[in-house]
Amino acid sequence: MVAAVGAEQIYNFCSGPAMLPPEVMLTAQAEMLDYNGSGMSVMSLSHRSEEFLGIQADAEARLRQLLSMPDNYRVLFLQGGASSQFAAVPLNLMGSDQPAVYLDSGYWSQKAIAEARRYGRVVIAGSSAESQYCSALSSNDYQIDPGAAYLHYTPNETIDGNCFDHIPSAGCVPLVADMSSCILSEPVDVSEYGVIYAGAQKNIGPAGLVVVIVRDDLVGRARADCPRLLNYQTLAEQNSMANTPPTFAIYMAGLVFRWLQEQGGLQDVKKRNVAKAQLLYDVIDNSRLFSNQVVSSNRSLMNVPFSSGNSVLDAEFAQTAAANGLKNLQGHRSKGGLRASIYNAMPYSGVEALVNFIEKFESQHV
Ligand SMILES: *Cc1c(COP(=O)(O)O)cnc(C)c1O
């Protein structure tokens with residue numbers, strides 16, 4: 001299974017932009033110059049054309065099917081990445097005097113918190129900072145003010161490699177989740193959420209697209225000074241076309257959604273993700289060189305940080321792994337160490353190649 005068609009076999013463990021399924025790339029390649037007999041590339045189809053409207057509607061329908069999404073949710077395909085939603089969420093949902101409640105489980109939670117603070121009062125109901133983010137929060141670590149505008153959390157922390165083992169129960173307070181690095185990795189009960197958003201470049205498609213799923217009753221509440229391009233009402237009314245949407249990325253996302261359906265849907269996808277993660281964590285836990293510090297109940301299925309505790313050795317590992325076709329294993333620049341991102345598109349064989357390499361490296365260094 002090749003990551004780049006025609007290239008030597010490599011496995012890309014980048015946290016994002018991440019590898020895409022080769023089948024998806026091959027379809028895109030075959031349709032690159034002539035989409036469906038139109039004589040045009042998807043890249044140069046008008047976003048108002050029948051062909052493109054068909055592509056967008058098909059992508060949305062497949063996403064709805066994959067997530068068993070209830071009808072009272074809108075799907076938005078937008079530019080601006082997940083980070084744009086760090087602002088959009090408070091601008092759309094924060095009442096004038098209601099606090100917004102955040103759970104802090106790591107790097108991306110903190111980014112969301114910092115942005116929300118620009119727009120109003122933010123309460124941090126719980127934080128796993130004390131554990132150096134080697135855990136997510138458990139349900140008795142926090143209490144939610146029933147008068148809050150919303151509760152925001154990050155179910156999977158891409159950099160810290162932790163994930164929640166439960167859906168926070170927020171009562172009547174709308175629950176908002178940044179699912180950038182875990183969306184579509186397992187089934188999710190959308191009805192528990194007010195807003196779900198995810199940057200595409202981890203588990204959905206190429207960069208340049210953010211998918212926002214928003215419950216009907218949360219559309220139409222934006223502050224008067226909310227920029228038009230962040231206003232859920234404007235965006236929903238205009239079918240994500242308040243400006244030119246990221247057309248090619250939406251097309252690619254649709255191909256990925258179809259691929260996920262062909263994989264058997266999210267139950268089956270989860271089984272494969274669990275098997276991949278287990279293989280990798282087992283080898284790391286049995287290693288005499290490397291370790292992963294995240295508590296076992298909060299270990300991410302998608303992002304697996306590990307380290308020898310020696311930055312020189314870690315760097316040597318990342319470098320020799322890359323020379324052997326295992327790319328982008330260096331940790332995030334804020335954290336150091338190593339990290340393997342094993343999203344949906346990473347095949348089991350890629351994780352096998354990684355664990356073989358870990359064992360070989362270890363035998364040469366211990
Ligand atoms: C990657 C990531 C982001 C940032 O996404 P952009 O699309 O680059 O803005 C935000 N949150 C999480 C959880 C991420 O993994």
# chains A, B, ... in the order shown; residues from 1 in each chain; ligands from 1

call {"tool": "residues_around", "arguments": {"residues": "Asn92 of chain A", "least_positions_apart": "3", "cutoff": "7 Å", "atoms": "only C-alpha atoms", "output": "list in words"}}
result
Ala88, Val89, Arg221, Ala222, Arg223, Asn231 and Tyr232 of chain A

call {"tool": "write_last_selection", "arguments": {"atoms": "N, CA and C atoms", "output": "compact mmCIF listing (two decimals), in the first residue's frame"}}
result
# COMPACT_ATOMS: atom_id res chain seq x y z
N ALA A 88 -15.38 31.38 16.14
CA ALA A 88 -16.78 31.28 15.71
C ALA A 88 -17.68 30.78 16.84
N VAL A 89 -17.19 29.83 17.62
CA VAL A 89 -18.03 29.25 18.68
C VAL A 89 -18.46 30.33 19.68
N ARG A 221 -28.05 32.73 16.67
CA ARG A 221 -27.82 33.37 17.98
C ARG A 221 -26.58 34.25 17.99
N ALA A 222 -25.96 34.48 16.84
CA ALA A 222 -24.65 35.15 16.83
C ALA A 222 -24.75 36.59 17.31
N ARG A 223 -23.68 37.10 17.90
CA ARG A 223 -23.60 38.51 18.27
C ARG A 223 -23.68 39.36 17.01
N ASN A 231 -20.59 33.46 10.88
CA ASN A 231 -21.96 33.43 11.41
C ASN A 231 -22.70 32.17 10.92
N TYR A 232 -23.03 31.28 11.85
CA TYR A 232 -23.64 30.01 11.46
C TYR A 232 -24.93 30.21 10.68

call {"tool": "residues_around", "arguments": {"residues": "segment 276-288 of chain A", "least_positions_apart": "3", "cutoff": "6 Å", "atoms": "only C-alpha atoms", "output": "CSV table (one decimal) with C-alpha atoms, in the first residue's frame"}}
result
chain,number,residue,atom,x,y,z
A,273,ASN,CA,-8.1,1.7,14.8
A,291,SER,CA,7.7,4.9,26.9
A,301,LEU,CA,-6.4,5.9,19.3
A,348,TYR,CA,-2.2,-1.9,9.9

call {"tool": "closest_atom_pairs", "arguments": {"of": "chain A", "to": "ligand 1", "cutoff": "10 Å", "atoms": "only C-alpha atoms and all ligand atoms", "output": "CSV"}}
result
residue,atom,partner,partner_atom_place_in_ligand_line,distance
A:Ser15,CA,ligand 1,1 (C),7.6
A:Gly16,CA,ligand 1,1 (C),6.5
A:Pro17,CA,ligand 1,1 (C),8.5
A:Gln79,CA,ligand 1,7 (O),9.0
A:Gly80,CA,ligand 1,9 (O),6.7
A:Gly81,CA,ligand 1,7 (O),3.4
A:Ala82,CA,ligand 1,9 (O),3.9
A:Ser83,CA,ligand 1,9 (O),3.6
A:Ser84,CA,ligand 1,9 (O),6.4
A:Gln85,CA,ligand 1,9 (O),8.0
A:Phe86,CA,ligand 1,10 (C),8.3
A:Gly106,CA,ligand 1,13 (C),9.2
A:Tyr107,CA,ligand 1,13 (C),8.3
A:Trp108,CA,ligand 1,11 (N),5.1
A:Ser109,CA,ligand 1,13 (C),7.6
A:Gln110,CA,ligand 1,11 (N),9.8
A:Lys111,CA,ligand 1,10 (C),7.9
A:Ala112,CA,ligand 1,11 (N),8.0
A:Tyr153,CA,ligand 1,13 (C),9.5
A:Thr154,CA,ligand 1,13 (C),6.1
A:Pro155,CA,ligand 1,13 (C),7.9
A:Asn156,CA,ligand 1,13 (C),6.3
A:Glu157,CA,ligand 1,13 (C),5.5
A:Thr158,CA,ligand 1,15 (O),4.7
A:Ile159,CA,ligand 1,15 (O),7.4
A:Ala177,CA,ligand 1,13 (C),9.1
A:Asp178,CA,ligand 1,13 (C),5.6
A:Met179,CA,ligand 1,13 (C),6.0
A:Ser180,CA,ligand 1,13 (C),4.6
A:Ser181,CA,ligand 1,15 (O),4.6
A:Cys182,CA,ligand 1,13 (C),8.0
A:Ile183,CA,ligand 1,13 (C),9.9
A:Tyr197,CA,ligand 1,11 (N),8.9
A:Ala198,CA,ligand 1,11 (N),7.2
A:Gly199,CA,ligand 1,7 (O),4.2
A:Ala200,CA,ligand 1,7 (O),6.9
A:Gln201,CA,ligand 1,7 (O),6.9
A:Lys202,CA,ligand 1,1 (C),7.1
A:Asn203,CA,ligand 1,15 (O),9.8
A:Ala207,CA,ligand 1,7 (O),7.0
A:Gly208,CA,ligand 1,7 (O),7.3
A:Leu209,CA,ligand 1,7 (O),7.4
A:Val210,CA,ligand 1,7 (O),6.7
A:Val211,CA,ligand 1,7 (O),9.9
A:Asn303,CA,ligand 1,15 (O),9.5

call {"tool": "closest_atom_pairs", "arguments": {"of": "segment 144-163 of chain A", "to": "segment 117-121 of chain A", "cutoff": "12 Å", "atoms": "only C-alpha atoms", "output": "CSV"}}
result
residue,atom,partner,partner_atom,distance
A:Ala148,CA,A:Arg121,CA,10.1
A:Ala149,CA,A:Arg121,CA,10.1
A:Tyr150,CA,A:Arg121,CA,11.6

call {"tool": "select_by_dssp", "arguments": {"residues": "segment 6-223 of chain A", "states": "alpha helix (DSSP H)", "output": "PyMOL selection string"}}
result
chain A and resi 22-30+50-66+81-93+107-116

call {"tool": "closest_residue", "arguments": {"among": "A:Ala116, A:Met69, A:Ala353, A:Leu329", "to": "Ala87 of chain A", "atoms": "only C-alpha atoms"}}
result
A:Ala116

call {"tool": "closest_residue", "arguments": {"among": "A:Thr234, A:Ser38, A:Ser341, A:Ser127", "to": "Val304 of chain A", "atoms": "only C-alpha atoms"}}
result
A:Ser341

call {"tool": "select_by_dssp", "arguments": {"residues": "segment 220-346 of chain A", "states": "strand (DSSP E or B)", "output": "list of chain:residue names"}}
result
A:Ser291, A:Arg299, A:Asn303, A:Val304, A:Pro305, A:Phe306, A:Ser307, A:Leu326, A:Lys327, A:Gln330, A:Leu338, A:Arg339, A:Ala340, A:Ser341

call {"tool": "residues_around", "arguments": {"residues": "Met25 of chain A", "least_positions_apart": "3", "cutoff": "10 Å", "atoms": "only C-alpha atoms", "output": "JSON, numbers by chain"}}
result
{"A": [3, 4, 5, 19, 20, 21, 22, 28, 29, 30, 31, 32, 252, 255, 256]}

call {"tool": "decode", "arguments": {"residues": "segment 36-51 of chain A", "atoms": "all heavy atoms", "output": "PDB file, in the first residue's frame"}}
result
ATOM      1  N   ASN A  36     -16.287  13.482 -14.313  1.00  0.00           N
ATOM      2  CA  ASN A  36     -17.599  12.950 -14.679  1.00  0.00           C
ATOM      3  C   ASN A  36     -18.078  13.417 -16.061  1.00  0.00           C
ATOM      4  O   ASN A  36     -19.247  13.778 -16.230  1.00  0.00           O
ATOM      5  CB  ASN A  36     -18.607  13.365 -13.588  1.00  0.00           C
ATOM      6  CG  ASN A  36     -19.848  12.472 -13.583  1.00  0.00           C
ATOM      7  OD1 ASN A  36     -19.802  11.358 -14.112  1.00  0.00           O
ATOM      8  ND2 ASN A  36     -20.933  12.961 -13.000  1.00  0.00           N
ATOM      9  N   GLY A  37     -17.163  13.474 -17.003  1.00  0.00           N
ATOM     10  CA  GLY A  37     -17.545  13.841 -18.368  1.00  0.00           C
ATOM     11  C   GLY A  37     -17.778  15.332 -18.575  1.00  0.00           C
ATOM     12  O   GLY A  37     -18.231  15.749 -19.648  1.00  0.00           O
ATOM     13  N   SER A  38     -17.451  16.135 -17.555  1.00  0.00           N
ATOM     14  CA  SER A  38     -17.675  17.581 -17.698  1.00  0.00           C
ATOM     15  C   SER A  38     -16.598  18.231 -18.569  1.00  0.00           C
ATOM     16  O   SER A  38     -16.748  19.363 -19.028  1.00  0.00           O
ATOM     17  CB  SER A  38     -17.656  18.258 -16.320  1.00  0.00           C
ATOM     18  OG  SER A  38     -16.356  18.150 -15.750  1.00  0.00           O
ATOM     19  N   GLY A  39     -15.484  17.495 -18.768  1.00  0.00           N
ATOM     20  CA  GLY A  39     -14.353  18.073 -19.486  1.00  0.00           C
ATOM     21  C   GLY A  39     -13.546  19.035 -18.635  1.00  0.00           C
ATOM     22  O   GLY A  39     -12.610  19.673 -19.114  1.00  0.00           O
ATOM     23  N   MET A  40     -13.906  19.155 -17.368  1.00  0.00           N
ATOM     24  CA  MET A  40     -13.217  20.096 -16.470  1.00  0.00           C
ATOM     25  C   MET A  40     -12.760  19.380 -15.204  1.00  0.00           C
ATOM     26  O   MET A  40     -13.361  18.393 -14.776  1.00  0.00           O
ATOM     27  CB  MET A  40     -14.162  21.235 -16.075  1.00  0.00           C
ATOM     28  CG  MET A  40     -14.372  22.263 -17.174  1.00  0.00           C
ATOM     29  SD  MET A  40     -15.542  23.534 -16.659  1.00  0.00           S
ATOM     30  CE  MET A  40     -17.090  22.692 -16.974  1.00  0.00           C
ATOM     31  N   SER A  41     -11.701  19.935 -14.614  1.00  0.00           N
ATOM     32  CA  SER A  41     -11.254  19.454 -13.307  1.00  0.00           C
ATOM     33  C   SER A  41     -12.214  19.975 -12.232  1.00  0.00           C
ATOM     34  O   SER A  41     -12.770  21.073 -12.376  1.00  0.00           O
ATOM     35  CB  SER A  41      -9.846  19.976 -13.031  1.00  0.00           C
ATOM     36  OG  SER A  41      -9.496  19.701 -11.693  1.00  0.00           O
ATOM     37  N   VAL A  42     -12.376  19.213 -11.171  1.00  0.00           N
ATOM     38  CA  VAL A  42     -13.174  19.711 -10.038  1.00  0.00           C
ATOM     39  C   VAL A  42     -12.647  21.070  -9.584  1.00  0.00           C
ATOM     40  O   VAL A  42     -13.410  21.953  -9.194  1.00  0.00           O
ATOM     41  CB  VAL A  42     -13.142  18.703  -8.856  1.00  0.00           C
ATOM     42  CG1 VAL A  42     -13.816  19.294  -7.618  1.00  0.00           C
ATOM     43  CG2 VAL A  42     -13.805  17.391  -9.245  1.00  0.00           C
ATOM     44  N   MET A  43     -11.330  21.247  -9.713  1.00  0.00           N
ATOM     45  CA  MET A  43     -10.716  22.497  -9.255  1.00  0.00           C
ATOM     46  C   MET A  43     -11.234  23.713  -9.988  1.00  0.00           C
ATOM     47  O   MET A  43     -11.177  24.822  -9.469  1.00  0.00           O
ATOM     48  CB  MET A  43      -9.196  22.426  -9.415  1.00  0.00           C
ATOM     49  CG  MET A  43      -8.545  21.730  -8.259  1.00  0.00           C
ATOM     50  SD  MET A  43      -6.762  21.785  -8.396  1.00  0.00           S
ATOM     51  CE  MET A  43      -6.446  20.129  -8.896  1.00  0.00           C
ATOM     52  N   SER A  44     -11.699  23.530 -11.215  1.00  0.00           N
ATOM     53  CA  SER A  44     -12.187  24.701 -11.946  1.00  0.00           C
ATOM     54  C   SER A  44     -13.687  24.655 -12.225  1.00  0.00           C
ATOM     55  O   SER A  44     -14.195  25.421 -13.049  1.00  0.00           O
ATOM     56  CB  SER A  44     -11.382  24.910 -13.231  1.00  0.00           C
ATOM     57  OG  SER A  44     -11.051  23.695 -13.829  1.00  0.00           O
ATOM     58  N   LEU A  45     -14.398  23.784 -11.518  1.00  0.00           N
ATOM     59  CA  LEU A  45     -15.865  23.836 -11.602  1.00  0.00           C
ATOM     60  C   LEU A  45     -16.363  25.034 -10.793  1.00  0.00           C
ATOM     61  O   LEU A  45     -15.875  25.292  -9.697  1.00  0.00           O
ATOM     62  CB  LEU A  45     -16.488  22.574 -10.992  1.00  0.00           C
ATOM     63  CG  LEU A  45     -16.316  21.234 -11.723  1.00  0.00           C
ATOM     64  CD1 LEU A  45     -16.938  20.125 -10.872  1.00  0.00           C
ATOM     65  CD2 LEU A  45     -16.946  21.276 -13.099  1.00  0.00           C
ATOM     66  N   SER A  46     -17.346  25.736 -11.323  1.00  0.00           N
ATOM     67  CA  SER A  46     -17.982  26.785 -10.522  1.00  0.00           C
ATOM     68  C   SER A  46     -18.609  26.163  -9.282  1.00  0.00           C
ATOM     69  O   SER A  46     -19.219  25.093  -9.362  1.00  0.00           O
ATOM     70  CB  SER A  46     -19.078  27.477 -11.339  1.00  0.00           C
ATOM     71  OG  SER A  46     -19.949  28.171 -10.457  1.00  0.00           O
ATOM     72  N   HIS A  47     -18.458  26.843  -8.153  1.00  0.00           N
ATOM     73  CA  HIS A  47     -19.096  26.300  -6.950  1.00  0.00           C
ATOM     74  C   HIS A  47     -20.618  26.354  -7.046  1.00  0.00           C
ATOM     75  O   HIS A  47     -21.308  25.701  -6.293  1.00  0.00           O
ATOM     76  CB  HIS A  47     -18.590  26.989  -5.685  1.00  0.00           C
ATOM     77  CG  HIS A  47     -18.758  28.463  -5.648  1.00  0.00           C
ATOM     78  ND1 HIS A  47     -18.107  29.298  -6.516  1.00  0.00           N
ATOM     79  CD2 HIS A  47     -19.495  29.259  -4.826  1.00  0.00           C
ATOM     80  CE1 HIS A  47     -18.435  30.554  -6.234  1.00  0.00           C
ATOM     81  NE2 HIS A  47     -19.279  30.548  -5.219  1.00  0.00           N
ATOM     82  N   ARG A  48     -21.135  27.142  -7.999  1.00  0.00           N
ATOM     83  CA  ARG A  48     -22.602  27.203  -8.184  1.00  0.00           C
ATOM     84  C   ARG A  48     -23.084  26.230  -9.263  1.00  0.00           C
ATOM     85  O   ARG A  48     -24.263  26.189  -9.567  1.00  0.00           O
ATOM     86  CB  ARG A  48     -23.014  28.617  -8.597  1.00  0.00           C
ATOM     87  CG  ARG A  48     -22.404  29.711  -7.730  1.00  0.00           C
ATOM     88  CD  ARG A  48     -23.384  30.261  -6.732  1.00  0.00           C
ATOM     89  NE  ARG A  48     -22.773  31.278  -5.896  1.00  0.00           N
ATOM     90  CZ  ARG A  48     -22.999  31.387  -4.586  1.00  0.00           C
ATOM     91  NH1 ARG A  48     -23.803  30.544  -3.969  1.00  0.00           N
ATOM     92  NH2 ARG A  48     -22.428  32.328  -3.876  1.00  0.00           N
ATOM     93  N   SER A  49     -22.147  25.520  -9.887  1.00  0.00           N
ATOM     94  CA  SER A  49     -22.545  24.634 -10.992  1.00  0.00           C
ATOM     95  C   SER A  49     -23.292  23.417 -10.460  1.00  0.00           C
ATOM     96  O   SER A  49     -23.139  23.033  -9.294  1.00  0.00           O
ATOM     97  CB  SER A  49     -21.312  24.178 -11.776  1.00  0.00           C
ATOM     98  OG  SER A  49     -20.504  23.335 -10.958  1.00  0.00           O
ATOM     99  N   GLU A  50     -24.082  22.817 -11.348  1.00  0.00           N
ATOM    100  CA  GLU A  50     -24.812  21.621 -10.966  1.00  0.00           C
ATOM    101  C   GLU A  50     -23.845  20.514 -10.523  1.00  0.00           C
ATOM    102  O   GLU A  50     -24.103  19.822  -9.554  1.00  0.00           O
ATOM    103  CB  GLU A  50     -25.607  21.141 -12.177  1.00  0.00           C
ATOM    104  CG  GLU A  50     -26.960  20.583 -11.835  1.00  0.00           C
ATOM    105  CD  GLU A  50     -27.773  20.423 -13.118  1.00  0.00           C
ATOM    106  OE1 GLU A  50     -28.269  21.441 -13.655  1.00  0.00           O
ATOM    107  OE2 GLU A  50     -27.863  19.285 -13.582  1.00  0.00           O
ATOM    108  N   GLU A  51     -22.727  20.381 -11.280  1.00  0.00           N
ATOM    109  CA  GLU A  51     -21.769  19.322 -10.934  1.00  0.00           C
ATOM    110  C   GLU A  51     -21.246  19.513  -9.508  1.00  0.00           C
ATOM    111  O   GLU A  51     -21.217  18.582  -8.723  1.00  0.00           O
ATOM    112  CB  GLU A  51     -20.547  19.321 -11.882  1.00  0.00           C
ATOM    113  CG  GLU A  51     -20.797  18.731 -13.235  1.00  0.00           C
ATOM    114  CD  GLU A  51     -20.954  19.814 -14.287  1.00  0.00           C
ATOM    115  OE1 GLU A  51     -21.174  20.988 -13.903  1.00  0.00           O
ATOM    116  OE2 GLU A  51     -20.852  19.485 -15.479  1.00  0.00           O
TER     117      GLU A  51
END
